[in-house]
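Structure file target_30.csv (CSV, C-alpha atoms) is printed below.
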```
chain,number,residue,atom,x,y,z
B,21,MET,CA,82.4,44.7,155.0
B,22,PHE,CA,80.9,46.5,157.9
B,23,VAL,CA,81.5,45.2,161.4
B,24,LEU,CA,79.0,46.4,164.0
B,25,VAL,CA,79.6,45.3,167.6
B,26,ASN,CA,76.6,45.4,169.9
B,27,LEU,CA,77.7,45.6,173.6
B,28,LYS,CA,74.1,44.9,174.7
B,29,ALA,CA,74.1,45.2,178.6
B,30,TYR,CA,77.1,43.0,179.0
B,31,PRO,CA,79.4,43.8,182.0
B,32,CYS,CA,82.3,44.8,179.7
B,33,ASP,CA,84.3,48.0,179.7
B,34,PRO,CA,82.7,49.9,176.8
B,35,VAL,CA,85.6,52.4,176.4
B,36,ALA,CA,88.2,49.6,176.3
B,37,VAL,CA,86.2,47.8,173.6
B,38,ALA,CA,85.8,51.1,171.7
B,39,GLU,CA,89.5,51.8,171.9
B,40,ALA,CA,90.2,48.3,170.6
B,41,ALA,CA,87.7,48.7,167.8
B,42,ALA,CA,89.2,52.1,166.8
B,43,THR,CA,92.7,50.6,166.7
B,44,VAL,CA,91.6,47.7,164.5
B,45,ALA,CA,89.7,50.0,162.2
B,46,ASP,CA,92.6,52.3,161.8
B,47,ASP,CA,95.2,49.5,161.3
B,48,THR,CA,93.1,47.5,158.8
B,49,GLY,CA,91.0,50.1,157.0
B,50,THR,CA,87.9,48.1,158.0
B,51,ARG,CA,84.7,49.9,159.0
B,52,VAL,CA,84.1,48.9,162.6
B,53,ALA,CA,81.4,50.4,164.8
B,54,VAL,CA,80.4,49.9,168.5
B,55,ALA,CA,76.9,50.2,169.9
B,56,PRO,CA,77.1,50.7,173.7
B,57,GLN,CA,74.4,51.4,176.3
B,58,ALA,CA,72.9,54.8,175.8
B,59,ALA,CA,74.6,56.1,179.0
B,60,HIS,CA,78.0,55.3,177.5
B,61,LEU,CA,77.5,56.8,174.1
B,62,SER,CA,79.5,60.0,174.7
B,63,ALA,CA,82.4,58.1,176.3
B,64,VAL,CA,82.6,55.7,173.5
B,65,ALA,CA,82.3,58.4,170.8
B,66,ALA,CA,85.2,60.2,172.5
B,67,THR,CA,87.5,57.3,171.6
B,68,GLY,CA,87.0,58.2,167.9
B,69,VAL,CA,85.4,54.9,167.0
B,70,GLU,CA,82.3,54.9,164.9
B,71,THR,CA,79.5,54.9,167.5
B,72,TRP,CA,75.9,53.6,167.2
B,73,ALA,CA,73.0,53.5,169.5
B,74,GLN,CA,71.3,50.2,170.4
B,75,HIS,CA,67.8,51.7,169.9
B,76,VAL,CA,66.0,55.0,169.4
B,77,SER,CA,62.3,55.7,170.1
B,78,GLY,CA,60.0,56.9,167.4
B,79,VAL,CA,59.1,60.1,169.2
B,80,ASP,CA,60.2,63.8,169.2
B,81,HIS,CA,60.6,66.1,172.2
B,82,GLY,CA,57.7,66.0,174.6
B,83,SER,CA,56.1,63.9,177.4
B,84,HIS,CA,57.9,60.6,176.6
B,85,THR,CA,59.5,59.5,179.9
B,86,GLY,CA,61.9,56.6,179.4
B,87,SER,CA,62.2,57.2,175.7
B,88,THR,CA,65.6,57.5,173.8
B,89,LEU,CA,65.4,60.5,171.5
B,90,ALA,CA,67.3,60.1,168.2
B,91,SER,CA,68.4,63.7,168.5
B,92,ALA,CA,69.9,63.1,172.0
B,93,VAL,CA,71.7,60.0,170.6
B,94,ALA,CA,73.2,62.1,167.8
B,95,ASP,CA,74.1,64.9,170.3
B,96,ALA,CA,76.0,62.2,172.3
B,97,GLY,CA,78.1,61.4,169.2
B,98,ALA,CA,76.3,58.5,167.6
B,99,VAL,CA,76.1,58.3,163.9
B,100,GLY,CA,73.7,55.4,163.6
B,101,THR,CA,71.2,53.2,165.5
B,102,LEU,CA,70.0,49.6,165.6
B,103,LEU,CA,66.2,49.1,165.5
B,104,ASN,CA,64.1,46.0,166.2
B,105,HIS,CA,66.8,43.8,167.6
B,106,SER,CA,65.4,40.4,168.7
B,107,GLU,CA,65.8,41.5,172.3
B,108,ARG,CA,64.0,44.8,171.6
B,109,ARG,CA,61.2,43.8,169.2
B,110,LEU,CA,59.0,46.5,167.7
B,111,ARG,CA,55.8,46.5,165.6
B,112,LEU,CA,56.1,47.7,162.0
B,113,ALA,CA,54.6,51.0,162.8
B,114,ALA,CA,57.1,51.6,165.6
B,115,ILE,CA,60.0,50.6,163.4
B,116,ASP,CA,58.7,53.1,160.8
B,117,ALA,CA,58.5,55.8,163.4
B,118,GLY,CA,62.0,55.0,164.7
B,119,LEU,CA,63.4,55.2,161.1
B,120,ARG,CA,61.8,58.6,160.6
B,121,ALA,CA,63.1,59.9,163.9
B,122,ALA,CA,66.6,58.6,163.0
B,123,GLU,CA,66.5,60.1,159.6
B,124,ASP,CA,65.4,63.5,161.0
B,125,ALA,CA,68.4,63.3,163.4
B,126,GLY,CA,70.8,62.3,160.6
B,127,LEU,CA,71.4,58.8,161.9
B,128,GLU,CA,72.2,55.8,159.8
B,129,THR,CA,70.0,52.8,160.5
B,130,VAL,CA,70.2,49.0,160.7
B,131,VAL,CA,66.9,47.2,161.2
B,132,CYS,CA,67.1,43.6,162.5
B,133,ALA,CA,64.8,40.8,161.4
B,134,ASN,CA,64.4,37.1,162.3
B,135,ASN,CA,64.0,35.6,158.9
B,136,PRO,CA,63.9,36.4,155.2
B,137,PRO,CA,60.2,37.3,155.1
B,138,GLN,CA,60.7,39.8,157.9
B,139,VAL,CA,63.8,41.1,156.1
B,140,GLY,CA,61.6,41.9,153.1
B,141,ALA,CA,59.0,43.6,155.2
B,142,VAL,CA,61.4,45.9,157.0
B,143,THR,CA,63.4,46.6,153.8
B,144,ALA,CA,60.1,48.2,152.5
B,145,LEU,CA,60.3,50.7,155.3
B,146,GLY,CA,63.5,52.2,153.9
B,147,PRO,CA,66.3,51.5,156.3
B,148,ASP,CA,70.0,52.0,155.3
B,149,MET,CA,70.7,48.4,156.1
B,150,VAL,CA,69.0,45.3,157.4
B,151,ALA,CA,70.4,42.4,159.5
B,152,VAL,CA,69.1,38.9,159.6
B,153,GLU,CA,69.5,37.3,163.0
B,154,PRO,CA,67.7,34.0,163.8
B,155,PRO,CA,67.0,34.5,167.5
B,156,GLU,CA,67.7,30.8,168.4
B,157,LEU,CA,71.3,31.3,167.3
B,158,ILE,CA,72.1,34.6,169.1
B,159,GLY,CA,74.8,34.1,171.7
B,160,THR,CA,75.4,30.5,170.9
B,161,GLY,CA,78.7,30.8,169.1
B,162,THR,CA,77.2,28.9,166.2
B,163,PRO,CA,76.9,31.3,163.2
B,164,VAL,CA,73.9,31.3,161.0
B,165,SER,CA,76.2,31.0,158.0
B,166,GLN,CA,77.0,27.5,159.2
B,167,ALA,CA,73.8,26.4,160.9
B,168,ASP,CA,71.5,27.5,158.1
B,169,PRO,CA,73.3,29.3,155.3
B,170,ASP,CA,70.1,29.3,153.2
B,171,VAL,CA,68.7,31.9,155.6
B,172,VAL,CA,71.4,34.4,154.7
B,173,GLU,CA,71.1,33.8,151.0
B,174,GLU,CA,67.3,34.0,151.1
B,175,ALA,CA,67.5,37.2,153.3
B,176,VAL,CA,69.7,38.8,150.7
B,177,ALA,CA,67.3,37.8,147.9
B,178,ALA,CA,64.3,39.0,150.0
B,179,ALA,CA,65.9,42.5,150.5
B,180,GLY,CA,66.9,42.6,146.8
B,181,ARG,CA,63.4,42.0,145.6
B,182,VAL,CA,62.2,45.1,147.5
B,183,ASP,CA,65.3,47.4,147.2
B,184,ASP,CA,68.6,46.1,145.9
B,185,ASP,CA,70.3,49.1,147.3
B,186,VAL,CA,69.8,48.0,150.9
B,187,PRO,CA,72.7,45.9,152.1
B,188,VAL,CA,72.1,42.8,154.3
B,189,LEU,CA,74.2,42.2,157.4
B,190,CYS,CA,74.6,38.7,158.9
B,191,GLY,CA,74.1,38.3,162.7
B,192,ALA,CA,73.7,35.5,165.3
B,193,GLY,CA,76.7,33.5,166.4
B,194,ILE,CA,79.3,35.5,164.5
B,195,SER,CA,82.7,35.5,166.2
B,196,THR,CA,85.6,34.5,163.9
B,197,GLY,CA,87.2,35.5,160.6
B,198,ASP,CA,85.9,32.3,159.1
B,199,ASP,CA,82.4,33.3,160.1
B,200,LEU,CA,82.8,36.7,158.5
B,201,ALA,CA,84.2,35.2,155.3
B,202,ALA,CA,81.3,32.7,155.1
B,203,ALA,CA,78.8,35.5,155.6
B,204,ARG,CA,80.4,37.5,152.8
B,205,ASP,CA,80.4,34.5,150.5
B,206,LEU,CA,76.6,34.1,151.1
B,207,GLY,CA,76.0,37.7,149.9
B,208,SER,CA,76.2,39.6,153.2
B,209,GLU,CA,77.9,43.0,153.2
B,210,GLY,CA,78.7,43.0,156.9
B,211,VAL,CA,78.2,41.4,160.3
B,212,LEU,CA,76.4,42.2,163.5
B,213,LEU,CA,77.9,40.6,166.6
B,214,ALA,CA,78.0,40.9,170.3
B,215,SER,CA,79.4,38.3,172.7
B,216,GLY,CA,82.2,37.3,170.4
B,217,VAL,CA,83.8,40.7,171.2
B,218,ALA,CA,82.0,42.0,174.2
B,219,LYS,CA,82.7,38.9,176.2
B,220,ALA,CA,86.2,38.3,174.9
B,221,ASP,CA,89.2,38.4,177.2
B,222,ASP,CA,91.0,40.4,174.6
B,223,PRO,CA,88.6,42.3,172.4
B,224,GLU,CA,91.3,43.7,170.1
B,225,ALA,CA,92.5,40.1,169.4
B,226,ALA,CA,89.0,39.0,168.8
B,227,LEU,CA,88.4,41.8,166.3
B,228,ARG,CA,91.6,41.3,164.5
B,229,ASP,CA,90.7,37.6,164.1
B,230,LEU,CA,87.3,38.7,162.8
B,231,VAL,CA,88.5,41.1,160.2
B,232,SER,CA,91.1,38.6,159.0
B,233,GLY,CA,88.1,37.1,157.1
B,234,ILE,CA,87.8,40.1,154.9
```
Could you render the structure as structure tokens?
Amino acid sequence: MFVLVNLKAYPCDPVAVAEAAATVADDTGTRVAVAPQAAHLSAVAATGVETWAQHVSGVDHGSHTGSTLASAVADAGAVGTLLNHSERRLRLAAIDAGLRAAEDAGLETVVCANNPPQVGAVTALGPDMVAVEPPELIGTGTPVSQADPDVVEEAVAAAGRVDDDVPVLCGAGISTGDDLAAARDLGSEGVLLASGVAKADDPEAALRDLVSGI
């Protein structure tokens, strides 16, 4: 199971969370990654934790003020990137461009989608992984695996009909080991979470509880 922690723009200490994640990953043998703000990528990568970007732009070097270059993200130490998170929605053409830019920079990719039909659509673009995240459950503490388990199973099926080599991650409301175990039982190969770790008083304890479900 892959655990990807998105720090969003929460007022947490990204280095402290990264150090906690690195410790838990080393102690348990679990693949744990952290996606901080772009400005914190280098500091997070320096902890030794697997580091991901929250977004990259589908452009190359040039007149693109405000864009996040995939190559710059890779230079900062990231090995992967999210695309199309529900808080950073993209059109299919922009997702495709982002995937191509990430591929050129050697970055692994997770493309987010709201529901099973969208999962199928983005799987066709060739990401390394997809994540199903019903936006109404994000940040609620109510995991999709409990609120609507059919969404997870249908997302896995939708991806499989297009390319059964693309794993599906489960997002939205994930915070405990029970949540992770439920996601796994529904066919997910990992989880994407944020507030359950980023807002925790003790991120290491939160992560240890989370991976206890593996």
Quiz item: What is the distance, in Å and to one decimal place, between CA of Ala53 (chain B) and CA of Asp80 (chain B)?
Solution: 25.5 Å
Quiz item: Hey, which of B:Ser62, B:Asp170, B:Asp198, B:Leu127 ends up closest to Pro34 (chain B)? Count all atoms listed in the file.
Solution: B:Ser62
Quiz item: What is the CA of Ala38 (chain B) to CA of Leu227 (chain B) distance in Å?
Solution: 11.1 Å
Counting only C-alpha atoms, which residues of region 106-195 of chain B fall within 8 Å of region 211-223 of chain B, and what is the closest atom pair for each with its distance in Å at one decimal, ordered by chain and rising number, as a Markdown table?
```
| residue | atom | partner | partner_atom | distance |
| --- | --- | --- | --- | --- |
| B:Ala151 | CA | B:Leu212 | CA | 7.2 |
| B:Gly159 | CA | B:Ser215 | CA | 6.3 |
| B:Gly161 | CA | B:Gly216 | CA | 7.5 |
| B:Leu189 | CA | B:Val211 | CA | 5.0 |
| B:Cys190 | CA | B:Val211 | CA | 4.7 |
| B:Gly191 | CA | B:Leu212 | CA | 4.6 |
| B:Ala192 | CA | B:Leu213 | CA | 6.7 |
| B:Gly193 | CA | B:Leu213 | CA | 7.2 |
| B:Ile194 | CA | B:Leu213 | CA | 5.7 |
| B:Ser195 | CA | B:Gly216 | CA | 4.6 |
```
Quiz item: Nearest to His75 (chain B): which of B:Leu206, B:Ala29, B:Leu89, B:Ala125 is it, counting only C-alpha atoms?
Solution: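 Of B:Leu206, B:Ala29, B:Leu89, B:Ala125, the one nearest His75 (chain B), counting only C-alpha atoms, is B:Leu89.
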Exercise. Return the single residue from B:Val25, B:Val69, B:Ala42, B:Ser77 that is closest to Ala55 (chain B), with distances computed using all atoms listed in the file.
Key: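 For Ala55 (chain B), the nearest of the given residues is B:Val25.
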Provide an axis-aligned box for all listed atoms of region 101-111 of chain B, padding each side by 3 Å; report its centre and its edge lengths in Å to one decimal, as lines of an AutoDock Vina configuration file.
```
center_x = 63.5
center_y = 46.8
center_z = 168.9
size_x = 21.4
size_y = 18.8
size_z = 12.8
```
